[in-house]
>>> print(open('my_file-v3.cif').read())   # mmCIF, C-alpha atoms
data_entry
loop_
_atom_site.label_atom_id
_atom_site.label_comp_id
_atom_site.auth_asym_id
_atom_site.auth_seq_id
_atom_site.Cartn_x
_atom_site.Cartn_y
_atom_site.Cartn_z
CA MET G 251 -4.78 21.79 4.19
CA ALA G 252 -6.86 20.39 1.35
CA GLY G 253 -9.05 22.88 -0.42
CA ALA G 254 -12.27 22.22 -2.30
CA SER G 255 -10.62 20.49 -5.23
CA VAL G 256 -11.92 17.50 -7.17
CA ALA G 257 -8.30 16.34 -7.36
CA LYS G 258 -8.61 15.39 -3.67
CA ILE G 259 -11.70 13.17 -3.94
CA GLY G 260 -12.20 9.72 -5.41
CA VAL G 261 -14.32 6.59 -5.51
CA GLY G 262 -13.37 3.10 -4.37
CA ALA G 263 -13.86 1.06 -7.53
CA PRO G 264 -11.92 -2.20 -7.83
CA ASN G 265 -8.64 -2.11 -9.70
CA LEU G 266 -9.57 -4.61 -12.39
CA ALA G 267 -6.03 -4.59 -13.76
CA THR G 268 -4.82 -6.34 -10.62
CA GLY G 269 -7.93 -7.76 -8.96
CA GLY G 270 -9.91 -5.96 -6.29
CA ILE G 271 -9.40 -8.49 -3.48
CA MET G 272 -6.37 -10.78 -3.30
CA VAL G 273 -4.66 -13.16 -0.89
CA ALA G 274 -1.15 -14.55 -0.46
CA GLU G 275 0.70 -17.12 1.60
CA THR G 276 2.13 -16.23 4.99
CA GLY G 277 5.58 -14.70 4.57
CA THR G 278 4.75 -12.95 1.30
CA THR G 279 6.30 -9.48 1.13
CA LEU G 280 3.65 -6.78 1.28
CA PRO G 281 3.70 -3.94 -1.27
CA THR G 282 4.71 -0.56 0.14
CA ASP G 283 3.01 1.61 -2.49
CA ALA G 284 -0.13 1.74 -4.60
CA THR G 285 1.38 0.91 -7.98
CA SER G 286 3.97 -1.89 -7.80
CA SER G 287 3.23 -5.31 -9.30
CA VAL G 288 1.15 -7.77 -7.28
CA ALA G 289 1.10 -10.47 -9.94
CA ALA G 290 2.10 -13.14 -7.42
CA TRP G 291 -1.08 -12.62 -5.36
CA THR G 292 -4.21 -14.75 -5.90
CA LYS G 293 -7.33 -12.93 -7.10
CA LEU G 294 -10.68 -13.78 -5.53
CA GLY G 295 -12.87 -12.76 -8.45
CA TYR G 296 -16.07 -10.77 -8.46
CA VAL G 297 -17.13 -8.73 -5.42
CA ALA G 298 -20.70 -7.50 -4.82
CA ASP G 299 -21.52 -3.88 -5.67
CA ASP G 300 -21.56 -2.76 -2.03
CA GLY G 301 -17.80 -3.08 -2.27
CA LEU G 302 -15.29 -3.07 0.57
CA ARG G 303 -16.81 -1.93 3.87
CA PRO G 304 -14.46 -0.96 6.73
CA SER G 305 -16.11 -2.02 9.98
CA GLY G 306 -13.52 -1.73 12.72
CA GLU G 307 -14.23 -0.08 16.07
CA ARG G 308 -12.51 2.29 18.47
CA THR G 309 -14.09 2.61 21.91
CA SER G 310 -13.20 4.65 24.98
CA THR G 311 -14.45 5.23 28.52
CA PRO G 312 -15.42 8.83 29.37
CA ILE G 313 -14.09 10.14 32.68
CA TYR G 314 -15.77 13.11 34.32
CA ASP G 315 -14.59 15.41 37.10
CA TRP G 316 -16.54 16.34 40.21
CA ALA G 317 -18.30 19.15 38.34
CA GLY G 318 -19.53 16.75 35.69
CA ASP G 319 -17.18 17.89 32.93
CA LEU G 320 -15.61 15.35 30.59
CA ILE G 321 -11.86 15.53 31.25
CA TYR G 322 -10.43 12.37 29.68
CA SER G 323 -11.39 9.46 27.43
CA PRO G 324 -8.85 6.62 27.64
CA GLN G 325 -9.16 4.15 24.81
CA ASP G 326 -10.57 0.75 25.74
CA GLN G 327 -10.49 -1.22 22.50
CA HIS G 328 -9.55 -0.99 18.86
CA SER G 329 -10.31 -3.41 16.05
CA SER G 330 -9.66 -3.30 12.33
CA GLN G 331 -12.12 -5.22 10.17
CA PHE G 332 -13.37 -5.21 6.59
CA GLN G 333 -16.56 -6.66 5.16
CA PHE G 334 -17.22 -7.68 1.57
CA LYS G 335 -19.19 -10.23 -0.44
CA LEU G 336 -17.39 -12.71 -2.69
CA LEU G 337 -19.51 -13.85 -5.63
CA SER G 338 -17.26 -16.37 -7.42
CA ALA G 339 -18.81 -19.40 -5.75
CA PHE G 340 -17.41 -21.78 -8.39
CA ASP G 341 -13.82 -20.63 -7.77
CA ALA G 342 -11.77 -23.10 -5.71
CA ASP G 343 -9.61 -20.27 -4.31
CA VAL G 344 -12.70 -18.52 -2.95
CA LEU G 345 -14.05 -21.74 -1.46
CA LYS G 346 -10.72 -22.42 0.26
CA GLU G 347 -10.92 -19.05 2.00
CA VAL G 348 -14.51 -19.66 3.09
CA PHE G 349 -14.29 -23.32 4.16
CA GLY G 350 -10.57 -23.85 4.85
CA TYR G 351 -7.69 -24.87 2.64
CA ASP G 352 -7.73 -28.51 3.78
CA ASN G 353 -11.48 -28.81 3.19
CA VAL G 354 -11.48 -28.08 -0.54
CA SER G 355 -10.13 -30.38 -3.23
CA THR G 356 -10.35 -30.39 -7.01
CA VAL G 357 -10.32 -33.20 -9.57
CA GLY G 358 -10.68 -31.85 -13.06
CA SER G 359 -13.68 -29.54 -13.05
CA LEU G 360 -15.14 -31.06 -9.86
CA ILE G 361 -14.63 -29.12 -6.63
CA SER G 362 -15.34 -31.04 -3.42
CA VAL G 363 -15.98 -29.19 -0.15
CA ILE G 364 -16.39 -30.47 3.39
CA GLU G 365 -17.38 -28.46 6.46
CA ASP G 366 -15.85 -29.21 9.85
CA GLY G 367 -16.03 -25.85 11.61
CA ALA G 368 -12.26 -25.48 12.02
CA PRO G 369 -10.93 -21.92 12.40
CA LEU G 370 -9.92 -20.34 9.11
CA PRO G 371 -6.25 -19.48 8.40
CA VAL G 372 -4.45 -16.21 9.11
CA HIS G 373 -2.49 -14.85 6.15
CA PRO G 374 -1.95 -11.64 4.10
CA TRP G 375 -4.82 -9.97 2.23
CA LEU G 376 -4.75 -7.10 -0.25
CA PHE G 377 -7.46 -4.67 -1.35
CA ASP G 378 -6.72 -2.75 -4.55
CA MET G 379 -8.87 0.13 -5.82
CA ARG G 380 -8.66 2.89 -8.38
CA ASP G 381 -10.52 5.92 -9.74
CA GLY G 382 -9.02 6.80 -13.09
CA GLY G 383 -5.40 7.63 -12.30
CA LYS G 384 -5.98 7.65 -8.54
CA LYS G 385 -5.20 4.46 -6.62
CA VAL G 386 -5.79 3.15 -3.12
CA ARG G 387 -4.11 -0.03 -1.84
CA ILE G 388 -4.69 -1.63 1.57
CA PRO G 389 -2.36 -4.52 2.48
CA VAL G 390 -3.36 -6.53 5.55
CA PRO G 391 -0.40 -8.52 6.93
CA ALA G 392 -2.40 -10.95 9.07
CA GLY G 393 -6.08 -11.26 8.20
CA GLN G 394 -8.52 -13.97 9.25
CA ILE G 395 -12.10 -14.56 8.16
CA THR G 396 -14.03 -14.45 11.43
CA GLY G 397 -17.54 -14.25 10.00
CA VAL G 398 -19.25 -15.82 6.98
CA THR G 399 -22.89 -15.49 5.94
CA GLU G 400 -23.79 -17.59 2.93
CA ASP G 401 -26.51 -16.38 0.57
CA PRO G 402 -29.43 -18.72 -0.15
CA PHE G 403 -29.57 -20.88 -3.26
CA VAL G 404 -32.30 -19.24 -5.34
CA ARG G 405 -33.06 -19.02 -9.04
CA ASN G 406 -32.99 -15.21 -9.21
CA GLY G 407 -29.96 -14.38 -7.09
CA LEU G 408 -26.25 -15.12 -7.27
CA GLN G 409 -24.60 -17.42 -4.78
CA GLY G 410 -22.20 -15.55 -2.56
CA PHE G 411 -20.42 -15.28 0.78
CA ASP G 412 -20.64 -12.18 2.95
CA ILE G 413 -17.27 -12.02 4.68
CA THR G 414 -15.97 -10.30 7.80
CA LEU G 415 -12.18 -10.12 7.81
CA THR G 416 -10.44 -9.35 11.10
CA CYS G 417 -6.96 -7.81 10.95
CA TYR G 418 -4.31 -8.71 13.53
CA LYS G 419 -1.05 -6.93 14.33
CA ASP G 420 2.12 -7.87 12.48
CA ASP G 421 5.59 -7.90 14.07
CA SER G 422 5.64 -4.10 13.81
CA GLY G 423 2.31 -3.72 15.59
CA ARG G 424 0.37 -2.70 12.46
CA LYS G 425 -2.99 -4.21 11.56
CA ALA G 426 -3.29 -2.71 8.07
CA TYR G 427 -1.45 -0.31 5.80
CA ARG G 428 -3.01 2.21 3.42
CA TYR G 429 -1.40 3.80 0.38
CA TYR G 430 -3.12 6.63 -1.53
CA ASP G 431 -1.71 7.72 -4.91
CA ASP G 432 -3.42 10.75 -6.49
CA GLY G 433 -2.07 9.86 -9.93
CA ALA G 434 -0.36 13.20 -10.41
CA ALA G 435 2.54 12.86 -12.78
CA ALA G 436 5.91 13.20 -11.09
CA SER G 437 8.68 15.20 -12.71
CA ALA G 438 12.35 14.55 -13.36
CA PRO G 439 14.87 16.61 -11.36
CA THR G 440 16.19 19.94 -12.56
CA ILE G 441 19.55 21.45 -11.56
CA ALA G 442 19.65 25.26 -11.36
CA SER G 443 22.88 26.03 -9.53
CA ARG G 444 25.63 24.66 -7.33
CA LEU G 445 27.86 25.66 -4.44
CA PRO G 446 30.71 26.25 -4.15
CA ALA G 447 31.40 27.94 -7.46
CA GLY G 448 34.67 27.52 -9.33
CA ASN G 449 36.59 24.59 -10.76
CA LEU G 450 36.47 21.14 -9.19
CA ALA G 451 39.51 19.07 -8.26
CA THR G 452 40.30 16.21 -10.64
CA ALA G 453 40.95 13.96 -7.63
CA GLY G 454 37.30 14.29 -6.61
CA GLY G 455 36.11 14.00 -3.02
CA GLU G 456 34.62 17.49 -2.80
CA ILE G 457 31.20 18.27 -1.31
CA LEU G 458 29.01 19.91 -3.94
CA VAL G 459 25.56 21.25 -3.05
CA LEU G 460 23.08 21.32 -5.92
CA THR G 461 19.93 23.44 -5.92
CA GLY G 462 16.96 22.81 -8.19
CA THR G 463 13.68 20.88 -8.05
CA ASN G 464 12.33 17.35 -7.59
CA PHE G 465 15.31 15.96 -5.72
CA THR G 466 13.07 13.98 -3.38
CA GLY G 467 13.28 10.35 -4.46
CA THR G 468 16.66 10.72 -6.16
CA THR G 469 17.95 7.27 -7.06
CA ALA G 470 21.26 8.14 -8.73
CA ALA G 471 23.60 10.95 -9.71
CA SER G 472 26.59 11.05 -12.03
CA VAL G 473 29.30 13.42 -13.23
CA GLY G 474 30.42 12.95 -16.82
CA GLY G 475 28.95 9.43 -16.77
CA THR G 476 30.77 8.45 -13.57
CA ALA G 477 28.42 7.41 -10.78
CA VAL G 478 28.33 9.49 -7.63
CA LEU G 479 28.80 6.98 -4.84
CA ASP G 480 27.74 9.26 -2.00
CA PHE G 481 24.82 11.69 -2.16
CA GLN G 482 22.31 13.05 0.35
CA ILE G 483 18.83 14.45 -0.24
CA VAL G 484 18.58 17.55 1.94
CA ASP G 485 15.10 18.46 0.71
CA ASP G 486 13.21 18.59 -2.57
CA GLN G 487 15.24 21.58 -3.74
CA THR G 488 18.67 20.62 -2.38
CA LEU G 489 20.96 17.67 -3.07
CA SER G 490 24.48 17.19 -1.69
CA ILE G 491 26.98 15.02 -3.60
CA ILE G 492 30.60 13.96 -3.21
CA THR G 493 32.32 14.52 -6.54
CA PRO G 494 34.01 11.54 -8.23
CA ALA G 495 37.48 11.80 -9.76
CA LYS G 496 37.41 13.04 -13.37
CA SER G 497 39.86 14.27 -15.98
CA ALA G 498 40.32 17.98 -16.49
CA GLY G 499 37.65 19.62 -18.62
CA ALA G 500 33.89 20.14 -18.74
CA HIS G 501 31.54 17.41 -17.51
CA ASN G 502 27.78 17.23 -17.02
CA ILE G 503 26.12 16.46 -13.68
CA VAL G 504 22.95 14.37 -14.12
CA VAL G 505 20.49 13.54 -11.32
CA THR G 506 17.91 10.77 -11.73
CA ASN G 507 14.68 9.89 -9.92
CA ALA G 508 11.94 7.34 -10.66
CA THR G 509 10.49 9.57 -13.39
CA GLY G 510 13.69 10.21 -15.31
CA ALA G 511 16.99 12.07 -15.54
CA SER G 512 17.71 15.78 -15.34
CA ALA G 513 19.28 17.74 -18.14
CA GLY G 514 23.04 17.91 -17.83
CA PHE G 515 24.47 20.68 -15.66
CA SER G 516 27.99 21.59 -16.75
CA VAL G 517 30.89 21.83 -14.29
CA THR G 518 34.60 22.15 -14.97
CA TYR G 519 37.39 20.04 -13.47
CA ALA G 520 40.88 21.51 -13.39
#
>>> encode(input="my_file-v3.cif", output="structure tokens")
Amino acid sequence: MAGASVAKIGVGAPNLATGGIMVAETGTTLPTDATSSVAAWTKLGYVADDGLRPSGERTSTPIYDWAGDLIYSPQDQHSSQFQFKLLSAFDADVLKEVFGYDNVSTVGSLISVIEDGAPLPVHPWLFDMRDGGKKVRIPVPAGQITGVTEDPFVRNGLQGFDITLTCYKDDSGRKAYRYYDDGAAASAPTIASRLPAGNLATAGGEILVLTGTNFTGTTAASVGGTAVLDFQIVDDQTLSIITPAKSAGAHNIVVTNATGASAGFSVTYA
């Protein structure tokens, strides 16, 4: 359980390095973490200071027994929605989302828009936020703008579009994904011991169980520079490998994760 630690709290400021709100064409692969590159996505510019506002609903019907006690609440409906205000009214990409891709055209610096009331497209959306080293990323596989309120044209207020985005299920039945990264630095693996003890066969093919730390996320292992072709992460402190063939003598086992490589752990082949 989380204690009262400031390491477990954060704000939802836009990730200006990537763009707070982005869109992509249908079929674009969604990110599965909070840090990988999203350079291929289209940024939608400035967002009003009330930020990204989740507005979905979950409703249920209460069922009472004869004595009047609540005994069950089956779910009736669930919706996933987000609201936000786009301020870049002179951005053709923003106007295409608001009025429809086929209703916006550009010639030089002139942007032409028509309104015909056609439903707006369904495609992937991405919300990217950060608080210092902490990051939150929300990919939406199938989002559609289902509500638009346009701000008035006045001399002392920015033009803008208050958007309601409705999220639909993808092929896996998910309406949105959320990834939270607390920014804590990961560590490279360490190898403390191994079983069984004794010399290893030069022909290889032996099961060797390594104990240590940070084995979760192991991407590679090697013995004396020869790649281990078969390894299994048992848990964060235990890694099982099948030894490769090596010449007689001392060789170092090295385990690697996304952060880096372990120090060499010496074993002897004979």
>>> resolve_selection(input="my_file-v3.cif", expression="the PyMOL selection byres ((chain G and resi 381) around 10)", output="list in words")
Ile259, Gly260, Val261, Gly262, Ala263, Pro264, Asn265, Met379, Arg380, Gly382, Gly383, Lys384, Lys385, Val386, Asp432 and Gly433 of chain G
>>> resolve_selection(input="my_file-v3.cif", expression="the PyMOL selection byres ((chain G and resi 360-377) around 7)", output="number ranges by chain")
G: 270-276, 342, 349-350, 353-359, 378-379, 387-395
>>> write_last_selection(input="my_file-v3.cif", atoms="C-alpha atoms", output="PDB file, in the coordinates of the input")
ATOM      1  CA  GLY G 270      -9.910  -5.960  -6.290  1.00  0.00           C
ATOM      2  CA  ILE G 271      -9.400  -8.490  -3.480  1.00  0.00           C
ATOM      3  CA  MET G 272      -6.370 -10.780  -3.300  1.00  0.00           C
ATOM      4  CA  VAL G 273      -4.660 -13.160  -0.890  1.00  0.00           C
ATOM      5  CA  ALA G 274      -1.150 -14.550  -0.460  1.00  0.00           C
ATOM      6  CA  GLU G 275       0.700 -17.120   1.600  1.00  0.00           C
ATOM      7  CA  THR G 276       2.130 -16.230   4.990  1.00  0.00           C
ATOM      8  CA  ALA G 342     -11.770 -23.100  -5.710  1.00  0.00           C
ATOM      9  CA  PHE G 349     -14.290 -23.320   4.160  1.00  0.00           C
ATOM     10  CA  GLY G 350     -10.570 -23.850   4.850  1.00  0.00           C
ATOM     11  CA  ASN G 353     -11.480 -28.810   3.190  1.00  0.00           C
ATOM     12  CA  VAL G 354     -11.480 -28.080  -0.540  1.00  0.00           C
ATOM     13  CA  SER G 355     -10.130 -30.380  -3.230  1.00  0.00           C
ATOM     14  CA  THR G 356     -10.350 -30.390  -7.010  1.00  0.00           C
ATOM     15  CA  VAL G 357     -10.320 -33.200  -9.570  1.00  0.00           C
ATOM     16  CA  GLY G 358     -10.680 -31.850 -13.060  1.00  0.00           C
ATOM     17  CA  SER G 359     -13.680 -29.540 -13.050  1.00  0.00           C
ATOM     18  CA  ASP G 378      -6.720  -2.750  -4.550  1.00  0.00           C
ATOM     19  CA  MET G 379      -8.870   0.130  -5.820  1.00  0.00           C
ATOM     20  CA  ARG G 387      -4.110  -0.030  -1.840  1.00  0.00           C
ATOM     21  CA  ILE G 388      -4.690  -1.630   1.570  1.00  0.00           C
ATOM     22  CA  PRO G 389      -2.360  -4.520   2.480  1.00  0.00           C
ATOM     23  CA  VAL G 390      -3.360  -6.530   5.550  1.00  0.00           C
ATOM     24  CA  PRO G 391      -0.400  -8.520   6.930  1.00  0.00           C
ATOM     25  CA  ALA G 392      -2.400 -10.950   9.070  1.00  0.00           C
ATOM     26  CA  GLY G 393      -6.080 -11.260   8.200  1.00  0.00           C
ATOM     27  CA  GLN G 394      -8.520 -13.970   9.250  1.00  0.00           C
ATOM     28  CA  ILE G 395     -12.100 -14.560   8.160  1.00  0.00           C
TER      29      ILE G 395
END
>>> atom_distance(input="my_file-v3.cif", atom1="CA of Ser497 (chain G)", atom2="CA of Gly455 (chain G)")
13.5 Å
>>> residues_near_point(input="my_file-v3.cif", point="(36.5, 21.3, -10.7)", cutoff="10 Å", atoms="all atoms listed in the file", output="tab-separated table (two decimals) with C-alpha atoms, in the frame of the given file")
chain	number	residue	atom	x	y	z
G	447	ALA	CA	31.40	27.94	-7.46
G	448	GLY	CA	34.67	27.52	-9.33
G	449	ASN	CA	36.59	24.59	-10.76
G	450	LEU	CA	36.47	21.14	-9.19
G	451	ALA	CA	39.51	19.07	-8.26
G	452	THR	CA	40.30	16.21	-10.64
G	453	ALA	CA	40.95	13.96	-7.63
G	454	GLY	CA	37.30	14.29	-6.61
G	456	GLU	CA	34.62	17.49	-2.80
G	493	THR	CA	32.32	14.52	-6.54
G	495	ALA	CA	37.48	11.80	-9.76
G	496	LYS	CA	37.41	13.04	-13.37
G	497	SER	CA	39.86	14.27	-15.98
G	498	ALA	CA	40.32	17.98	-16.49
G	499	GLY	CA	37.65	19.62	-18.62
G	500	ALA	CA	33.89	20.14	-18.74
G	501	HIS	CA	31.54	17.41	-17.51
G	517	VAL	CA	30.89	21.83	-14.29
G	518	THR	CA	34.60	22.15	-14.97
G	519	TYR	CA	37.39	20.04	-13.47
G	520	ALA	CA	40.88	21.51	-13.39
>>> resolve_selection(input="my_file-v3.cif", expression="the PyMOL selection byres ((chain G and resi 510) around 8)", output="VMD selection string")
chain G and resid 437 to 439 506 to 509 511 to 512
>>> residues_around(input="my_file-v3.cif", residues="Gln325 (chain G)", least_positions_apart="4", cutoff="9 Å", atoms="all atoms listed in the file", output="list in words")
Arg308, Thr309, Ser310 and Thr311 of chain G
>>> write_last_selection(input="my_file-v3.cif", atoms="C-alpha atoms", output="compact mmCIF listing (two decimals), in the frame of the given file")
# COMPACT_ATOMS: atom_id res chain seq x y z
CA ARG G 308 -12.51 2.29 18.47
CA THR G 309 -14.09 2.61 21.91
CA SER G 310 -13.20 4.65 24.98
CA THR G 311 -14.45 5.23 28.52
>>> atom_distance(input="my_file-v3.cif", atom1="CA of Gln487 (chain G)", atom2="CA of Ile441 (chain G)")
8.9 Å
>>> closest_atom_pairs(input="my_file-v3.cif", of="region 308-359 of chain G", to="region 289-302 of chain G", cutoff="9 Å", atoms="all atoms listed in the file", output="CSV")
residue,atom,partner,partner_atom,distance
G:Phe332,CA,G:Leu302,CA,6.7
G:Gln333,CA,G:Leu302,CA,6.0
G:Phe334,CA,G:Leu302,CA,5.1
G:Lys335,CA,G:Ala298,CA,5.4
G:Leu336,CA,G:Val297,CA,4.8
G:Leu337,CA,G:Tyr296,CA,5.4
G:Ser338,CA,G:Gly295,CA,5.8
G:Asp341,CA,G:Leu294,CA,7.9
G:Asp343,CA,G:Leu294,CA,6.7
G:Val344,CA,G:Leu294,CA,5.8
>>> closest_residue(input="my_file-v3.cif", among="G:Thr469, G:Thr396, G:Thr416, G:Thr279", to="Ser305 (chain G)", atoms="only C-alpha atoms")
G:Thr416
>>> atom_distance(input="my_file-v3.cif", atom1="CA of Asn464 (chain G)", atom2="CA of Asp486 (chain G)")
5.2 Å
>>> closest_residue(input="my_file-v3.cif", among="G:Pro324, G:Gly306, G:Pro281, G:Gly467", to="Tyr427 (chain G)", atoms="all atoms listed in the file")
G:Pro281
>>> closest_residue(input="my_file-v3.cif", among="G:Gln331, G:Thr461, G:Ser516, G:Ser287", to="Cys417 (chain G)", atoms="only C-alpha atoms")
G:Gln331
>>> axis_aligned_box(input="my_file-v3.cif", around="region 394-410 of chain G", padding_each_side="5 Å", output="lines of an AutoDock Vina configuration file")
center_x = -20.8
center_y = -17.4
center_z = 1.1
size_x = 34.5
size_y = 16.9
size_z = 30.6
>>> closest_residue(input="my_file-v3.cif", among="G:Phe411, G:Thr282, G:Ala471, G:Ala267", to="Gly397 (chain G)", atoms="all atoms listed in the file")
G:Phe411
>>> closest_residue(input="my_file-v3.cif", among="G:Val288, G:His328, G:Ser323, G:Arg405", to="Glu307 (chain G)", atoms="all atoms listed in the file")
G:His328
